[in-house]
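File shown: coords31.txt (compact mmCIF, C-alpha atoms (C1' of nucleotides)).
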# COMPACT_ATOMS: atom_id res chain seq x y z
CA MET B 1 -25.75 -21.86 12.04
CA PRO B 2 -25.54 -19.26 9.31
CA PRO B 3 -29.11 -18.05 9.56
CA ARG B 4 -29.57 -15.80 6.55
CA GLU B 5 -27.40 -17.69 4.17
CA ARG B 6 -29.44 -16.68 1.18
CA ASP B 7 -29.06 -12.93 1.57
CA THR B 8 -25.42 -13.12 2.45
CA ALA B 9 -24.61 -15.08 -0.65
CA ARG B 10 -26.63 -12.76 -2.80
CA THR B 11 -25.02 -9.61 -1.46
CA ARG B 12 -21.60 -11.07 -1.89
CA ARG B 13 -22.40 -11.81 -5.51
CA THR B 14 -23.77 -8.33 -6.06
CA VAL B 15 -20.63 -6.78 -4.63
CA LEU B 16 -18.36 -9.10 -6.58
CA ASP B 17 -20.13 -8.26 -9.82
CA ALA B 18 -19.96 -4.57 -9.09
CA ALA B 19 -16.28 -4.90 -8.31
CA ALA B 20 -15.70 -6.73 -11.57
CA ARG B 21 -17.40 -4.01 -13.53
CA THR B 22 -15.67 -1.10 -11.87
CA VAL B 23 -12.23 -2.69 -11.85
CA ALA B 24 -12.59 -3.53 -15.53
CA LYS B 25 -13.48 0.07 -16.24
CA GLN B 26 -11.24 1.99 -13.89
CA GLY B 27 -8.46 -0.42 -13.04
CA ALA B 28 -7.53 -2.07 -9.78
CA GLY B 29 -7.17 1.31 -8.14
CA VAL B 30 -10.90 1.86 -7.71
CA SER B 31 -11.98 3.03 -4.31
CA LEU B 32 -14.24 1.03 -2.06
CA ASP B 33 -16.68 3.90 -2.18
CA VAL B 34 -17.14 3.54 -5.91
CA ILE B 35 -17.51 -0.21 -5.77
CA ALA B 36 -19.98 0.03 -2.91
CA ARG B 37 -22.07 2.61 -4.71
CA GLU B 38 -22.08 0.52 -7.87
CA ALA B 39 -23.24 -2.45 -5.83
CA GLY B 40 -25.92 -0.41 -4.10
CA VAL B 41 -24.60 -0.91 -0.58
CA SER B 42 -22.78 1.31 1.85
CA LYS B 43 -19.06 1.05 2.27
CA SER B 44 -19.63 -0.41 5.71
CA GLY B 45 -21.93 -2.98 4.20
CA LEU B 46 -19.26 -3.94 1.74
CA LEU B 47 -16.66 -4.18 4.46
CA HIS B 48 -18.96 -6.41 6.41
CA HIS B 49 -18.62 -9.06 3.74
CA PHE B 50 -15.01 -8.43 2.76
CA ARG B 51 -12.86 -7.44 5.65
CA SER B 52 -10.49 -5.32 3.66
CA ARG B 53 -9.90 -4.00 0.22
CA ASP B 54 -7.30 -6.64 -0.51
CA GLN B 55 -9.63 -9.39 0.64
CA LEU B 56 -12.24 -8.15 -1.78
CA LEU B 57 -9.88 -8.03 -4.73
CA LEU B 58 -8.51 -11.42 -3.82
CA ALA B 59 -12.00 -12.86 -3.74
CA LEU B 60 -12.69 -11.18 -7.05
CA ALA B 61 -9.66 -12.79 -8.64
CA ARG B 62 -10.65 -16.18 -7.31
CA ASP B 63 -14.17 -15.69 -8.58
CA GLN B 64 -12.98 -14.69 -12.03
CA VAL B 65 -10.77 -17.70 -12.34
CA ASP B 66 -13.42 -20.10 -11.10
CA THR B 67 -16.18 -18.66 -13.23
CA PHE B 68 -14.07 -18.86 -16.33
CA ALA B 69 -13.15 -22.48 -15.67
CA ALA B 70 -16.80 -23.34 -15.10
CA GLU B 71 -17.79 -21.64 -18.33
CA VAL B 72 -15.23 -23.59 -20.29
CA ARG B 73 -16.33 -26.85 -18.72
CA ALA B 74 -19.91 -26.04 -19.61
CA ALA B 75 -18.95 -25.14 -23.15
CA VAL B 76 -17.48 -28.53 -23.94
CA ASP B 77 -19.66 -30.13 -26.59
CA PRO B 78 -21.00 -33.38 -25.11
CA ALA B 79 -21.19 -34.89 -28.57
CA ASP B 80 -17.58 -34.04 -29.23
CA HIS B 81 -15.28 -36.88 -28.33
CA ALA B 82 -12.37 -36.02 -30.57
CA ALA B 83 -9.04 -34.77 -29.31
CA GLY B 84 -9.01 -31.07 -28.58
CA ARG B 85 -12.54 -30.76 -27.30
CA LEU B 86 -11.41 -28.83 -24.23
CA VAL B 87 -9.24 -26.49 -26.26
CA ARG B 88 -12.21 -25.89 -28.56
CA ALA B 89 -14.36 -24.97 -25.58
CA TYR B 90 -11.60 -22.69 -24.27
CA VAL B 91 -11.41 -20.82 -27.54
CA LYS B 92 -15.17 -20.55 -27.79
CA VAL B 93 -15.59 -19.11 -24.33
CA ILE B 94 -12.87 -16.54 -24.81
CA PHE B 95 -14.24 -15.30 -28.10
CA ASP B 96 -17.85 -15.40 -27.01
CA SER B 97 -17.09 -13.17 -24.05
CA LEU B 98 -15.30 -10.81 -26.41
CA GLY B 99 -18.29 -10.76 -28.68
CA ASP B 100 -20.62 -8.76 -26.54
CA GLU B 101 -19.16 -5.37 -25.82
CA THR B 102 -20.96 -4.99 -22.57
CA MET B 103 -19.52 -8.15 -21.13
CA ILE B 104 -19.32 -7.63 -17.41
CA SER B 105 -16.16 -9.48 -16.68
CA GLU B 106 -13.35 -9.69 -19.13
CA HIS B 107 -11.51 -12.53 -17.53
CA LEU B 108 -8.01 -11.86 -18.80
CA LEU B 109 -7.99 -8.11 -18.56
CA LEU B 110 -9.50 -8.20 -15.13
CA THR B 111 -7.01 -10.67 -13.79
CA ALA B 112 -4.24 -8.67 -15.41
CA ALA B 113 -5.46 -5.60 -13.59
CA LEU B 114 -5.59 -7.55 -10.35
CA SER B 115 -2.19 -9.14 -10.74
CA THR B 116 -0.56 -6.53 -8.54
CA VAL B 117 -2.78 -7.33 -5.55
CA PRO B 118 -0.84 -9.28 -2.90
CA GLY B 119 -2.15 -12.83 -3.12
CA VAL B 120 -3.43 -12.82 -6.67
CA ALA B 121 -0.30 -13.91 -8.50
CA GLU B 122 -0.34 -17.23 -6.68
CA ILE B 123 -3.94 -17.83 -7.66
CA LEU B 124 -3.20 -17.12 -11.28
CA GLN B 125 -0.18 -19.38 -11.28
CA ALA B 126 -2.09 -22.27 -9.74
CA ASP B 127 -4.83 -21.74 -12.29
CA ALA B 128 -2.32 -21.75 -15.13
CA ARG B 129 -0.91 -25.05 -13.93
CA GLU B 130 -4.36 -26.58 -13.84
CA TRP B 131 -5.10 -25.53 -17.38
CA GLU B 132 -1.81 -26.89 -18.53
CA SER B 133 -2.46 -30.34 -17.15
CA ALA B 134 -6.04 -30.30 -18.39
CA PHE B 135 -4.82 -29.48 -21.87
CA THR B 136 -2.24 -32.22 -21.72
CA ALA B 137 -5.07 -34.68 -21.20
CA ASP B 138 -6.97 -33.27 -24.12
CA GLY B 139 -5.13 -35.29 -26.72
CA LEU B 140 -3.82 -32.54 -28.96
CA HIS B 141 -0.15 -32.12 -29.76
CA PRO B 142 1.42 -29.88 -27.09
CA ASP B 143 2.81 -27.48 -29.65
CA ARG B 144 -0.58 -27.05 -31.16
CA VAL B 145 -2.15 -26.41 -27.78
CA LEU B 146 0.53 -23.86 -27.00
CA ILE B 147 -0.05 -21.86 -30.16
CA ILE B 148 -3.81 -22.02 -30.04
CA THR B 149 -4.30 -21.08 -26.43
CA LYS B 150 -1.70 -18.34 -26.47
CA ALA B 151 -3.26 -16.90 -29.58
CA ALA B 152 -6.67 -16.95 -27.94
CA ASP B 153 -5.25 -15.16 -24.93
CA GLY B 154 -3.57 -12.64 -27.18
CA ALA B 155 -6.79 -12.02 -29.06
CA SER B 156 -8.48 -11.25 -25.79
CA LEU B 157 -5.80 -8.69 -25.09
CA ALA B 158 -6.35 -7.23 -28.52
CA THR B 159 -9.79 -5.95 -27.60
CA LEU B 160 -7.98 -3.58 -25.33
CA TYR B 161 -5.67 -2.40 -28.05
CA GLU B 162 -8.14 -2.24 -30.85
CA GLY B 163 -10.98 -1.14 -28.67
CA GLY B 164 -13.15 -3.91 -30.03
CA SER B 165 -13.02 -2.07 -33.31
CA ASN B 166 -12.05 -5.05 -35.39
CA PRO B 167 -14.77 -7.67 -35.08
CA VAL B 168 -14.03 -9.16 -38.48
CA ALA B 169 -10.43 -10.00 -37.59
CA LEU B 170 -11.69 -11.32 -34.29
CA GLU B 171 -14.14 -13.65 -35.99
CA ARG B 172 -11.46 -14.74 -38.44
CA THR B 173 -9.08 -15.52 -35.59
CA ARG B 174 -11.73 -17.53 -33.85
CA GLU B 175 -12.39 -19.62 -36.94
CA LEU B 176 -8.71 -20.15 -37.58
CA LEU B 177 -8.08 -21.30 -34.05
CA LEU B 178 -11.05 -23.63 -34.03
CA SER B 179 -9.94 -25.18 -37.30
CA MET B 180 -6.48 -25.63 -35.84
CA THR B 181 -7.95 -27.63 -32.98
CA ARG B 182 -9.31 -30.01 -35.60
CA GLY B 183 -5.88 -30.86 -36.87
CA GLU B 184 -5.95 -28.75 -39.99
CA GLY B 185 -2.51 -27.51 -41.00
CA SER B 186 0.31 -29.65 -39.71
CA PHE B 187 2.79 -26.96 -38.79
CA THR B 188 4.37 -29.38 -36.41
CA GLY B 189 5.33 -32.99 -36.86
CA MET P 1 15.33 29.19 -25.53
CA PRO P 2 15.37 26.02 -23.45
CA PRO P 3 18.63 26.59 -21.63
CA ARG P 4 19.20 23.32 -19.86
CA GLU P 5 17.72 21.08 -22.48
CA ARG P 6 20.09 18.30 -21.65
CA ASP P 7 19.12 18.01 -17.97
CA THR P 8 15.44 18.36 -18.67
CA ALA P 9 15.50 15.51 -21.11
CA ARG P 10 17.49 13.37 -18.73
CA THR P 11 15.21 13.96 -15.78
CA ARG P 12 12.17 13.21 -17.90
CA ARG P 13 13.72 9.90 -18.89
CA THR P 14 14.61 9.09 -15.30
CA VAL P 15 11.07 9.77 -14.17
CA LEU P 16 9.58 7.84 -17.06
CA ASP P 17 11.74 4.84 -16.29
CA ALA P 18 10.88 5.01 -12.62
CA ALA P 19 7.22 5.23 -13.50
CA ALA P 20 7.51 2.21 -15.78
CA ARG P 21 9.13 0.19 -13.02
CA THR P 22 6.68 1.11 -10.30
CA VAL P 23 3.59 0.81 -12.46
CA ALA P 24 4.74 -2.60 -13.62
CA LYS P 25 5.18 -3.66 -10.03
CA GLN P 26 2.27 -1.97 -8.28
CA GLY P 27 -0.21 -1.26 -11.03
CA ALA P 28 -1.45 2.00 -12.45
CA GLY P 29 -2.62 3.06 -9.01
CA VAL P 30 0.84 4.02 -7.78
CA SER P 31 1.09 7.35 -6.09
CA LEU P 32 3.20 10.19 -7.39
CA ASP P 33 5.14 10.06 -4.16
CA VAL P 34 6.31 6.53 -4.84
CA ILE P 35 7.24 7.26 -8.43
CA ALA P 36 9.07 10.41 -7.44
CA ARG P 37 11.02 8.63 -4.74
CA GLU P 38 11.93 5.82 -7.14
CA ALA P 39 13.15 8.43 -9.59
CA GLY P 40 15.12 10.24 -6.94
CA VAL P 41 13.31 13.54 -7.26
CA SER P 42 10.75 15.34 -5.16
CA LYS P 43 7.10 15.18 -6.02
CA SER P 44 7.26 18.83 -6.99
CA GLY P 45 10.17 18.09 -9.24
CA LEU P 46 8.16 15.39 -10.93
CA LEU P 47 5.17 17.66 -11.33
CA HIS P 48 7.41 20.25 -12.87
CA HIS P 49 7.95 17.95 -15.84
CA PHE P 50 4.53 16.34 -15.96
CA ARG P 51 1.78 18.70 -15.05
CA SER P 52 -0.50 16.06 -13.62
CA ARG P 53 -0.67 12.42 -12.81
CA ASP P 54 -2.63 11.67 -15.95
CA GLN P 55 -0.15 13.55 -18.09
CA LEU P 56 2.62 11.42 -16.69
CA LEU P 57 0.85 8.15 -17.31
CA LEU P 58 -0.13 9.29 -20.76
CA ALA P 59 3.47 10.14 -21.55
CA LEU P 60 4.47 6.77 -20.15
CA ALA P 61 2.05 4.96 -22.44
CA ARG P 62 3.31 6.89 -25.42
CA ASP P 63 6.88 6.15 -24.48
CA GLN P 64 6.19 2.44 -24.09
CA VAL P 65 4.53 2.21 -27.47
CA ASP P 66 7.26 4.19 -29.21
CA THR P 67 10.12 2.35 -27.55
CA PHE P 68 8.65 -0.99 -28.47
CA ALA P 69 8.20 0.03 -32.09
CA ALA P 70 11.76 1.27 -32.22
CA GLU P 71 13.05 -1.96 -30.73
CA VAL P 72 11.22 -4.01 -33.32
CA ARG P 73 12.50 -1.85 -36.14
CA ALA P 74 16.02 -2.25 -34.81
CA ALA P 75 15.58 -5.99 -34.51
CA VAL P 76 14.83 -6.51 -38.17
CA ASP P 77 17.67 -8.54 -39.63
CA PRO P 78 19.23 -6.44 -42.41
CA ALA P 79 20.25 -9.60 -44.21
CA ASP P 80 16.72 -10.93 -44.10
CA HIS P 81 14.78 -10.01 -47.18
CA ALA P 82 12.21 -12.78 -47.11
CA ALA P 83 8.56 -12.25 -46.35
CA GLY P 84 7.80 -12.05 -42.65
CA ARG P 85 10.97 -10.27 -41.58
CA LEU P 86 9.01 -7.72 -39.56
CA VAL P 87 6.91 -10.39 -37.88
CA ARG P 88 10.09 -12.23 -37.01
CA ALA P 89 11.53 -9.13 -35.41
CA TYR P 90 8.27 -8.58 -33.52
CA VAL P 91 8.38 -12.08 -32.08
CA LYS P 92 12.03 -11.78 -31.19
CA VAL P 93 11.59 -8.51 -29.32
CA ILE P 94 8.64 -9.76 -27.34
CA PHE P 95 10.36 -12.93 -26.24
CA ASP P 96 13.68 -11.28 -25.59
CA SER P 97 12.08 -8.83 -23.22
CA LEU P 98 10.40 -11.74 -21.48
CA GLY P 99 13.71 -13.47 -21.17
CA ASP P 100 15.29 -11.30 -18.57
CA GLU P 101 13.23 -11.31 -15.42
CA THR P 102 14.34 -7.90 -14.37
CA MET P 103 13.18 -6.28 -17.57
CA ILE P 104 12.21 -2.78 -16.70
CA SER P 105 9.29 -2.32 -18.98
CA GLU P 106 7.02 -5.15 -19.94
CA HIS P 107 5.42 -3.47 -22.86
CA LEU P 108 2.13 -5.37 -22.96
CA LEU P 109 1.50 -5.65 -19.25
CA LEU P 110 2.36 -2.04 -18.70
CA THR P 111 0.08 -0.78 -21.40
CA ALA P 112 -2.63 -3.08 -20.12
CA ALA P 113 -2.25 -1.54 -16.69
CA LEU P 114 -2.40 1.92 -18.22
CA SER P 115 -5.39 1.23 -20.40
CA THR P 116 -7.77 2.75 -17.87
CA VAL P 117 -6.03 6.12 -17.95
CA PRO P 118 -8.07 8.69 -19.89
CA GLY P 119 -6.23 9.19 -23.16
CA VAL P 120 -4.35 5.91 -23.34
CA ALA P 121 -6.90 3.80 -25.17
CA GLU P 122 -6.67 6.05 -28.19
CA ILE P 123 -2.89 5.75 -28.26
CA LEU P 124 -3.09 1.98 -28.11
CA GLN P 125 -5.66 1.83 -30.86
CA ALA P 126 -3.65 4.05 -33.15
CA ASP P 127 -0.61 1.91 -32.45
CA ALA P 128 -2.53 -1.26 -33.23
CA ARG P 129 -3.60 0.17 -36.56
CA GLU P 130 -0.02 1.01 -37.44
CA TRP P 131 1.15 -2.49 -36.68
CA GLU P 132 -1.62 -3.94 -38.74
CA SER P 133 -0.69 -2.00 -41.82
CA ALA P 134 2.99 -2.67 -41.29
CA PHE P 135 2.30 -6.38 -41.10
CA THR P 136 0.20 -6.23 -44.22
CA ALA P 137 3.23 -4.95 -46.07
CA ASP P 138 5.38 -7.71 -44.67
CA GLY P 139 4.38 -10.27 -47.27
CA LEU P 140 3.08 -13.04 -45.07
CA HIS P 141 -0.41 -14.47 -45.39
CA PRO P 142 -2.76 -12.38 -43.18
CA ASP P 143 -4.03 -15.45 -41.35
CA ARG P 144 -0.53 -16.46 -40.50
CA VAL P 145 0.29 -12.99 -39.22
CA LEU P 146 -2.85 -12.99 -37.12
CA ILE P 147 -2.03 -16.26 -35.41
CA ILE P 148 1.63 -15.55 -34.89
CA THR P 149 1.30 -12.06 -33.47
CA LYS P 150 -1.65 -12.90 -31.26
CA ALA P 151 0.20 -15.90 -29.92
CA ALA P 152 3.23 -13.75 -29.19
CA ASP P 153 1.04 -11.27 -27.35
CA GLY P 154 -0.59 -14.08 -25.43
CA ALA P 155 2.77 -15.51 -24.48
CA SER P 156 3.72 -12.16 -23.04
CA LEU P 157 0.58 -12.22 -20.94
CA ALA P 158 1.48 -15.70 -19.80
CA THR P 159 4.47 -14.45 -17.84
CA LEU P 160 1.95 -12.84 -15.57
CA TYR P 161 0.00 -16.04 -15.12
CA GLU P 162 2.86 -18.40 -14.84
CA GLY P 163 5.08 -15.98 -13.03
CA GLY P 164 7.84 -16.57 -15.51
CA SER P 165 8.05 -20.05 -14.10
CA ASN P 166 7.94 -21.84 -17.39
CA PRO P 167 10.93 -20.72 -19.44
CA VAL P 168 11.07 -23.95 -21.39
CA ALA P 169 7.54 -23.55 -22.76
CA LEU P 170 8.37 -19.94 -23.49
CA GLU P 171 11.41 -20.90 -25.51
CA ARG P 172 9.41 -23.54 -27.33
CA THR P 173 6.72 -21.04 -28.19
CA ARG P 174 9.30 -18.64 -29.49
CA GLU P 175 10.81 -21.26 -31.78
CA LEU P 176 7.43 -22.41 -33.02
CA LEU P 177 6.36 -18.90 -33.86
CA LEU P 178 9.61 -18.08 -35.61
CA SER P 179 9.36 -21.24 -37.68
CA MET P 180 5.82 -20.30 -38.57
CA THR P 181 7.05 -17.01 -39.97
CA ARG P 182 9.20 -19.00 -42.34
CA GLY P 183 6.21 -20.68 -43.88
CA GLU P 184 6.55 -24.01 -42.17
CA GLY P 185 3.21 -25.74 -41.69
CA SER P 186 0.58 -24.56 -44.12
CA PHE P 187 -2.41 -24.46 -41.81
CA THR P 188 -3.97 -22.02 -44.19
CA GLY P 189 -4.24 -22.03 -47.92
C1' DC Z 1 19.06 39.73 -14.89
C1' DA Z 2 15.86 36.34 -16.70
C1' DG Z 3 14.29 32.13 -16.69
C1' DT Z 4 14.36 27.34 -15.56
C1' DA Z 5 14.97 23.13 -12.61
C1' DC Z 6 13.93 21.82 -8.57
C1' DA Z 7 12.70 21.44 -3.22
C1' DG Z 8 9.65 22.04 1.05
C1' DA Z 9 5.72 23.48 3.23
C1' DC Z 10 1.22 23.31 2.73
C1' DC Z 11 -3.94 22.19 1.59
C1' DA Z 12 -8.43 20.31 0.49
C1' DA Z 13 -10.21 16.13 -0.82
C1' DA Z 14 -10.44 11.34 -0.89
C1' DT Z 15 -9.24 6.95 1.04
C1' DG Z 16 -9.31 2.51 3.86
C1' DG Z 17 -11.00 1.20 7.91
C1' DT Z 18 -13.43 1.43 12.85
C1' DC Z 19 -17.34 1.96 15.95
C1' DG Z 20 -21.85 2.18 17.81
C1' DG Z 21 -26.41 1.56 16.68
C1' DC Z 22 -30.62 0.06 14.35
C1' DT Z 23 -33.40 -3.54 12.19
C1' DA Z 24 -35.03 -7.93 11.13
C1' DC Z 25 -34.74 -12.56 11.26
C1' DT Z 26 -33.85 -17.07 14.00
C1' DA Z 27 -34.21 -19.96 17.70
C1' DC Z 28 -35.27 -20.91 22.00
C1' DT Z 29 -38.48 -20.66 26.02
C1' DG Z 30 -42.59 -20.99 28.25
C1' DC E 1 -48.11 -19.66 19.69
C1' DA E 2 -46.28 -15.23 22.11
C1' DG E 3 -42.44 -13.39 23.76
C1' DT E 4 -37.84 -12.55 23.85
C1' DA E 5 -32.89 -12.99 23.66
C1' DG E 6 -29.36 -13.36 20.37
C1' DT E 7 -27.21 -12.50 16.25
C1' DA E 8 -26.21 -11.21 11.51
C1' DG E 9 -26.82 -7.65 7.87
C1' DC E 10 -26.23 -3.17 7.16
C1' DC E 11 -25.88 1.87 7.86
C1' DG E 12 -24.00 6.79 9.17
C1' DA E 13 -20.70 9.19 11.53
C1' DC E 14 -16.21 9.41 12.32
C1' DC E 15 -10.87 9.18 12.07
C1' DA E 16 -5.98 9.07 10.69
C1' DT E 17 -3.51 8.88 6.69
C1' DT E 18 -2.60 9.49 2.00
C1' DT E 19 -3.41 11.65 -2.20
C1' DG E 20 -2.89 14.96 -6.24
C1' DG E 21 -1.81 19.43 -6.74
C1' DT E 22 -0.40 24.56 -5.53
C1' DC E 23 2.57 28.10 -3.87
C1' DT E 24 6.67 30.16 -2.42
C1' DG E 25 11.34 30.17 -2.35
C1' DT E 26 16.15 29.15 -3.96
C1' DA E 27 20.18 27.82 -6.64
C1' DC E 28 22.04 27.73 -10.96
C1' DT E 29 22.84 28.82 -15.82
C1' DG E 30 23.00 31.30 -19.93

How does the structure come out when it is put into structure tokens?
Amino acid sequence: MPPRERDTARTRRTVLDAAARTVAKQGAGVSLDVIAREAGVSKSGLLHHFRSRDQLLLALARDQVDTFAAEVRAAVDPADHAAGRLVRAYVKVIFDSLGDETMISEHLLLTAALSTVPGVAEILQADAREWESAFTADGLHPDRVLIITKAADGASLATLYEGGSNPVALERTRELLLSMTRGEGSFTG
Amino acid sequence: MPPRERDTARTRRTVLDAAARTVAKQGAGVSLDVIAREAGVSKSGLLHHFRSRDQLLLALARDQVDTFAAEVRAAVDPADHAAGRLVRAYVKVIFDSLGDETMISEHLLLTAALSTVPGVAEILQADAREWESAFTADGLHPDRVLIITKAADGASLATLYEGGSNPVALERTRELLLSMTRGEGSFTG
DNA sequence: CAGTACAGACCAAATGGTCGGCTACTACTG
DNA sequence: CAGTAGTAGCCGACCATTTGGTCTGTACTG
């Protein structure tokens, strides 16, 4: 029954991307006007696809979380069958997205900005639980997973603090974390 | 010349604390009205101390950064003269503030929320540089510092994702990081 | 008296959201 | 295949409310 499925989906994507960009730049307080203009539609057009501001931001949060998960899944090396392959992909995706300055959606920062929107916290919590169980099945020692993933998250925060001004430390962190997924350094039994 | 210095300082603190609370809860988009009400003053009263919204948020960011630094300095164990004493204090302060749910100011999350405010990025970057040099003088291997501090930062982000629902993992992370500051596990040369 | 901490009324601008209308495509009808 | 009714995408005008900020006044203090 949905007759113009194609266009609808495309507009939604356009708006979502525009929202991601503007929220990343100006925080979750951006006005619908700004988002709509960035997306190249009218405010009414935007509101046709997302019934309210909160609905839009909620959808954005969901989209961020889903996209990130998909990216990590796609980044898993098919030839890699050793323990920690998922954690390796996780680290890679986080640092790759940090690499290019112009990255549209900075997963962590964006979701952090959105965390005050009504339904978003629940989404983030559910997502966190999924990652936790996925990591448990990845074969690495839990302590190791804890340190590595938290450090990756922290590094992603650091771009905000350092303003992306420290690419060498970033690269070093990436290498350290990847090596830790390969069992180097037995800081835990 | 400032006749009522005492009251001025106190009101500023009250407003700053109120701002910290509301921004943490509702994001950097909070209205002056809400902050003023939370602080128990009129909006005009608030604007008497902070000439504009941006000035207030800027002052808030500065205050957050300074308070955190002071807390870490105060948390350094005077009896601890081994390498990594500053990093240990850093970890302790971060996790202690995460401990109590009702913590007024969640340093990292708050500054993240404020990062879109005009002058704040510069403050955060300067602060990051100071920490870096302080850590360099702390005697631990740079790689170790990198991993530990980033992981601590990431853990602080995690409260947002997990909704503080995982205190056991938090405690575990804290212990792991502290033990890592004591040179256990030589994951790096 | 001078100056400062505040409050209340007020204002222009911006905001989220509604409404009616136009267009273009789909699907049915003959 | 032509015509047409229906419907979804989208826009511009519009509205009530909220917003950041100013201005005027007042109480208090040194």

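Neighbouring residues of Asn166 in chain B at 12 Å or closer, counting only C-alpha atoms (C1' of nucleotides) and skipping chain neighbours under 6 positions away, are Leu98, Gly99, Glu101, Ala155, Ser156, Ala158, Thr159, Leu160, Arg172 and Thr173 of chain B; Gln125, Ala128, Arg129 and Glu132 of chain P.
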
Deliver the residues from the most recent selection as a file, using C-alpha atoms, as a PDB file, keeping the file's coordinate frame.
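Resulting contents of part-v6.pdb:
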ATOM      1  CA  LEU B  98     -15.300 -10.810 -26.410  1.00  0.00           C
ATOM      2  CA  GLY B  99     -18.290 -10.760 -28.680  1.00  0.00           C
ATOM      3  CA  GLU B 101     -19.160  -5.370 -25.820  1.00  0.00           C
ATOM      4  CA  ALA B 155      -6.790 -12.020 -29.060  1.00  0.00           C
ATOM      5  CA  SER B 156      -8.480 -11.250 -25.790  1.00  0.00           C
ATOM      6  CA  ALA B 158      -6.350  -7.230 -28.520  1.00  0.00           C
ATOM      7  CA  THR B 159      -9.790  -5.950 -27.600  1.00  0.00           C
ATOM      8  CA  LEU B 160      -7.980  -3.580 -25.330  1.00  0.00           C
ATOM      9  CA  ARG B 172     -11.460 -14.740 -38.440  1.00  0.00           C
ATOM     10  CA  THR B 173      -9.080 -15.520 -35.590  1.00  0.00           C
TER      11      THR B 173
ATOM     12  CA  GLN P 125      -5.660   1.830 -30.860  1.00  0.00           C
ATOM     13  CA  ALA P 128      -2.530  -1.260 -33.230  1.00  0.00           C
ATOM     14  CA  ARG P 129      -3.600   0.170 -36.560  1.00  0.00           C
ATOM     15  CA  GLU P 132      -1.620  -3.940 -38.740  1.00  0.00           C
TER      16      GLU P 132
END

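When C1' of DA14 in chain Z is paired with CA of Ile35 in chain B, their separation reads 14.4 Å.
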
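Of the listed residues Z:DA27, Z:DC22, Z:DC1, Z:DA7, the one whose atoms come nearest to DC10 in chain E is Z:DC22, with distances taken using only C-alpha atoms (C1' of nucleotides).
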
For chain E, report every residue with an atom at most 9 Å from chain P (counting all atoms listed in the file), formatted as a VMD selection string.
chain E and resid 19 to 21 29 to 30

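With CA of Ala59 in chain B on one side and CA of Ala19 in chain B on the other, the separation reads 10.1 Å.
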
Got a sec to pull out which chain B residues are within 9 Å of chain P, counting all atoms listed in the file, and send them as a compact mmCIF listing (two decimals) with C-alpha atoms, in the coordinates of the input?
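Written output follows (result35.txt):
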# COMPACT_ATOMS: atom_id res chain seq x y z
CA ALA B 24 -12.59 -3.53 -15.53
CA LYS B 25 -13.48 0.07 -16.24
CA GLN B 26 -11.24 1.99 -13.89
CA GLY B 27 -8.46 -0.42 -13.04
CA ALA B 28 -7.53 -2.07 -9.78
CA GLY B 29 -7.17 1.31 -8.14
CA VAL B 30 -10.90 1.86 -7.71
CA LEU B 108 -8.01 -11.86 -18.80
CA LEU B 109 -7.99 -8.11 -18.56
CA THR B 111 -7.01 -10.67 -13.79
CA ALA B 112 -4.24 -8.67 -15.41
CA ALA B 113 -5.46 -5.60 -13.59
CA LEU B 114 -5.59 -7.55 -10.35
CA SER B 115 -2.19 -9.14 -10.74
CA THR B 116 -0.56 -6.53 -8.54
CA VAL B 117 -2.78 -7.33 -5.55
CA ALA B 121 -0.30 -13.91 -8.50
CA GLU B 122 -0.34 -17.23 -6.68
CA ILE B 123 -3.94 -17.83 -7.66
CA LEU B 124 -3.20 -17.12 -11.28
CA GLN B 125 -0.18 -19.38 -11.28
CA ALA B 126 -2.09 -22.27 -9.74
CA ASP B 127 -4.83 -21.74 -12.29
CA ALA B 128 -2.32 -21.75 -15.13
CA ARG B 129 -0.91 -25.05 -13.93
CA ASP B 143 2.81 -27.48 -29.65
CA LEU B 146 0.53 -23.86 -27.00
CA ILE B 147 -0.05 -21.86 -30.16
CA ILE B 148 -3.81 -22.02 -30.04
CA THR B 149 -4.30 -21.08 -26.43
CA LYS B 150 -1.70 -18.34 -26.47
CA ALA B 151 -3.26 -16.90 -29.58
CA ALA B 152 -6.67 -16.95 -27.94
CA ASP B 153 -5.25 -15.16 -24.93
CA GLY B 154 -3.57 -12.64 -27.18
CA ALA B 155 -6.79 -12.02 -29.06
CA SER B 156 -8.48 -11.25 -25.79
CA LEU B 157 -5.80 -8.69 -25.09
CA ALA B 158 -6.35 -7.23 -28.52
CA LEU B 160 -7.98 -3.58 -25.33
CA TYR B 161 -5.67 -2.40 -28.05
CA GLU B 162 -8.14 -2.24 -30.85
CA GLY B 163 -10.98 -1.14 -28.67
CA SER B 165 -13.02 -2.07 -33.31
CA ALA B 169 -10.43 -10.00 -37.59
CA ARG B 172 -11.46 -14.74 -38.44
CA THR B 173 -9.08 -15.52 -35.59
CA LEU B 176 -8.71 -20.15 -37.58
CA LEU B 177 -8.08 -21.30 -34.05
CA SER B 179 -9.94 -25.18 -37.30
CA MET B 180 -6.48 -25.63 -35.84
CA GLY B 183 -5.88 -30.86 -36.87
CA GLU B 184 -5.95 -28.75 -39.99
CA GLY B 185 -2.51 -27.51 -41.00
CA SER B 186 0.31 -29.65 -39.71
CA PHE B 187 2.79 -26.96 -38.79
CA THR B 188 4.37 -29.38 -36.41
CA GLY B 189 5.33 -32.99 -36.86

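Note that the spacing between C1' of DT26 in chain E and C1' of DA5 in chain Z amounts to 10.6 Å.
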
Can you tell me, as a count of residues only, what residues are no more than 12 Å from DC19 in chain Z when counting all atoms listed in the file, ignoring any on the same chain fewer than 3 positions away?
6
